[in-house]
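Colleague: Here it is: the structure, laid out below.
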Amino acid sequence: MNLIFMGPPGAGKGTQAVIMAKMLGIPHISTGAIFRENIENGTELGKTAQSFMDAGNLVPDEFVLGMVEARLKQPDVQNGFILDGFPRNLSQAALMDTFASIDKVLNFSIDDEEVVRRNSGRRVCECGASYNINVDSLKPKHNETCDICGKKLIQRSDDKESVIRNRLKVYHETLDPVVEHYRERGLVTDIDGSGSVDEVTELTIKALE
């Protein structure tokens with residue numbers, strides 16, 4: 001089964017992709033991992049991508065698609081795959097249609113204000129521990145200090161509300177048309193991502209049955 005998991009930041013698509021990949025015995029593929037693999041292995045595509053990144057430029061769609069196409073030709077995807085958050089625009093979706101057949105697209109939907117609440121609550125510690133002051137199961141025990149080392153927790157710059165709202169704006173401008181591209185072909189199933197991880201997992205399993 002060839003799947004795409006889509007949804008705004010904080011909707012839980014990455015978490016569900018990991019869970020479903022293990023359950024279905026197929027690889028969970030993210031473009032970030034593909035980029036790192038090509039760059040670390042020194043492939044021609046990786047070298048080209050690195051040159052764009054070093055110059056502070058976005059990697060053109062054709063090179064991104066080249067890396068995705070190469071990844072989807074590897075032996076471990078014979079029984080299917082889960083693409084996590086890719087394609088990222090209509091151009092990439094159209095190009096991917098030429099080399100990959102998609103069986104289903106799961107669109108993890110969540111209210112924009114809930115996205116802001118979840119993401120703006122993230123806190124990290126110098127020791128590597130992570131928390132979320134807006135999610136009961138992830139809250140630190142003692143206000144905003146680390147349960148492990150006692151140091152004050154930090155909010156990363158990309159977890160600030162203004163940054164999150166801008167990311168949401170960009171998401172809706174570029175990804176909503178991609179969802180509609182697949183919806184017109186009858187491939188999209190919407191998943192309510194507002195529940196707990198277990199609740200969303202149950203909905204995801206039902207959608208894939």
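Each chain in the structure tokens gets a letter, A, B and so on, in the order shown; residues start at 1 in every chain, and ligands are counted from 1 in the order they appear.
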Please report, as JSON lines, each residue of region 91-135 of chain A lying at most 6 Å from region 177-195 of chain A, together with the nearest pair of atoms and the separation in Å rounded to one decimal; use only C-alpha atoms, and order rows by chain and ascending residue number.

Modeller:
{"residue": "A:Lys104", "atom": "CA", "partner": "A:Leu187", "partner_atom": "CA", "distance": 4.9}
{"residue": "A:Val105", "atom": "CA", "partner": "A:Val188", "partner_atom": "CA", "distance": 4.7}
{"residue": "A:Leu106", "atom": "CA", "partner": "A:Thr189", "partner_atom": "CA", "distance": 5.1}
{"residue": "A:Asn107", "atom": "CA", "partner": "A:Asp190", "partner_atom": "CA", "distance": 4.7}
{"residue": "A:Phe108", "atom": "CA", "partner": "A:Ile191", "partner_atom": "CA", "distance": 4.7}
{"residue": "A:Ser109", "atom": "CA", "partner": "A:Asp192", "partner_atom": "CA", "distance": 5.3}
{"residue": "A:Ile110", "atom": "CA", "partner": "A:Gly193", "partner_atom": "CA", "distance": 5.4}

Colleague: Include C-alpha atoms and write out the residues we just selected as a compact mmCIF listing (two decimals), in the first residue's frame.

Modeller:
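The resulting out_11.txt:
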# COMPACT_ATOMS: atom_id res chain seq x y z
CA LYS A 104 -4.50 6.57 -0.32
CA VAL A 105 -3.82 9.98 1.21
CA LEU A 106 -4.58 10.46 4.91
CA ASN A 107 -5.17 14.11 5.75
CA PHE A 108 -4.76 14.72 9.48
CA SER A 109 -6.92 17.77 10.18
CA ILE A 110 -6.81 19.93 13.28

Colleague: Using only C-alpha atoms, tabulate the residues of region 78-143 of chain A lying at most 12 Å from any atom of region 12-36 of chain A, each with its closest atom pair and that distance in Å to one decimal, by chain and increasing residue number, as a tab-separated table.

Modeller:
residue	atom	partner	partner_atom	distance
A:Gln78	CA	A:Ile26	CA	8.6
A:Asn79	CA	A:Ile26	CA	6.6
A:Gly80	CA	A:Ile26	CA	5.7
A:Phe81	CA	A:Pro27	CA	5.2
A:Ile82	CA	A:His28	CA	4.9
A:Leu83	CA	A:Ile29	CA	5.0
A:Asp84	CA	A:Ser30	CA	5.0
A:Gly85	CA	A:Ser30	CA	7.0
A:Phe86	CA	A:Thr31	CA	7.1
A:Pro87	CA	A:Thr31	CA	9.0
A:Arg88	CA	A:Thr31	CA	9.9
A:Val105	CA	A:Lys13	CA	11.3
A:Leu106	CA	A:Lys13	CA	8.6
A:Asn107	CA	A:Lys13	CA	8.2
A:Phe108	CA	A:Lys13	CA	6.3
A:Ser109	CA	A:Gly12	CA	9.2
A:Ile110	CA	A:Gly12	CA	9.3
A:Glu114	CA	A:Gly12	CA	11.8
A:Val115	CA	A:Gly12	CA	10.0
A:Arg118	CA	A:Gly12	CA	10.4
A:Asn119	CA	A:Gly12	CA	11.1

Colleague: Output as number ranges by chain all residues of region 43-141 of chain A that backbone DSSP marks as strand (DSSP E or B).

Modeller: A: 81-84, 104-109, 122-124, 130-132

Colleague: Need to verify the contact set: region 123-136 of chain A, 6 Å, only C-alpha atoms, exclusion of same-chain residues closer than 2 positions in sequence. Can you return it as an MDAnalysis selection string?

Modeller: chainID A and resid 121 138:139 153:155

Colleague: Could you write out, as a count of residues only, all the residues of region 51-89 of chain A that DSSP marks as helix (DSSP H, G or I)?

Modeller: 18

Colleague: Find, counting only C-alpha atoms, the residue in A:Thr145, A:Asp76, A:Asp112, A:Thr204 that gets nearest to Ala11 (chain A).

Modeller: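 Going through A:Thr145, A:Asp76, A:Asp112, A:Thr204 one by one, the smallest distance to Ala11 (chain A) is for A:Asp112.
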
Colleague: Tell me, in Å to one decimal, how far CA of Pro60 (chain A) is from CA of Gln92 (chain A).

Modeller: 9.9 Å
